[in-house]
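Asker: After the structure tokens below, expect a handful of questions from me.
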Amino acid sequence: MKKELKVVPISNGTVIDHITAGQALNVLKILGIHAGTDAALSVAMNVRSKQMGRKDIVKVEDRELKPEEVDKIALIAPNATINIIRESEVVEKHKVFLPQSIEGIIRCANPNCISNVEREPVVSRFITISEQPLRFRCVYCERMIEDVSRYL
């Protein structure tokens with residue numbers, strides 16, 4: 001008899017599915033969820049997926065994501081789906097959308113960029129260059145970034 005460990009469904013909250021394998025912890029970082037949180041969560045990493053081969057899943061109880069949080073998730077998991085759960089039913093389901101410009105979410109890889117200089121009150125700003133592969137360009141110094149998770 002094969003035993004299987006199943007993740008308990010949530011009654012209210014958000015399920016983020018189809019996260020790029022290995023990115024679940026970065027999703028938590030984007031959402032501001034850290035070790036000291038009192039949020040009830042479930043995180044599944046490197047789960048088998050017919051569509052993706054491997055994927056991550058994050059469930060956050062009693063929290064519905066704001067549109068700007070969903071946009072941030074798109075930066076590291078462009079194929080993610082967001083499921084809003086109310087009274088144990090999926091009431092909304094949608095794919096993330098990669099914004100054309102990103103402000104104040106990621107920092108520039110160039111240490112000399114004006115957005116990284118402490119004495120200048122400049123918010124980082126990037127333009128989306130491509131989705132496959134994910135590439136962003138700093139509007140100030142034009143440095144290209146591909147691995148966004150390193151600059152969150």
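Labeling convention for the structure tokens: chains A, B, ... as they appear, residues from 1 per chain, ligands from 1 in order of appearance.
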Using only C-alpha atoms, which protein or nucleic acid residues come within 12 Å of Asp62 of chain A? Drop anything in the same chain fewer than 6 positions from it, and give the result as a list in words.
Answerer: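 The filter keeps Ile10, Ser11, Asn12, Gly13, Thr14, Val15, Asp38, Ala39, Ala40, Leu41, Ile84, Ile85, Arg86, Glu87 and Ser88 of chain A.
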Asker: Could you pull out the residues in chain A that DSSP calls alpha helix (DSSP H) from the backbone, as a list in words?
Answerer: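 Here is the list: Ala24, Leu25, Asn26, Val27, Leu28, Lys29, Ile30, Pro67, Glu68, Glu69, Val70, Asp71, Lys72, Ile73 and Ala74 of chain A.
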Asker: If you count only C-alpha atoms, which residues fall within 10 Å of Ser149 of chain A, apart from same-chain ones fewer than 6 positions away, as a list of chain:residue names?
Answerer: A:Gln23, A:Leu25, A:Asn26, A:Val27, A:Lys29, A:Ile30, A:Leu75, A:Ile76, A:Ile106
Asker: Using DSSP assignments from the backbone, pull out every residue in chain A that falls under strand (DSSP E) and give it to me as a PyMOL selection string.
Answerer: chain A and resi 13-20+41-49+53-61+81-86+89-95+101-103+125-131+134-138+144-145
Asker: Could you give me, as a ChimeraX atom specification, the residues within 12 Å of Ala80 of chain A, counting only C-alpha atoms and dropping anything in the same chain fewer than 3 positions from it?
Answerer: /A:15-21,23-24,27,51-52,55-58,70-77,83,93-98
Asker: Which is closest to Val148 of chain A among A:Pro78, A:Pro121, A:Pro67, A:Pro9, if we use only C-alpha atoms?
Answerer: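 Between A:Pro78, A:Pro121, A:Pro67, A:Pro9, the residue approaching Val148 of chain A most closely is A:Pro78.
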Asker: Rank nothing, just name the residue among A:Cys138, A:Val90, A:Met144, A:Ile127 nearest to Cys113 of chain A, using only C-alpha atoms.
Answerer: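 Of all the options, A:Cys138 lies closest to Cys113 of chain A.
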Asker: Atom CA of Arg150 of chain A and atom CA of Leu134 of chain A are how many Å apart?
Answerer: 13.2 Å
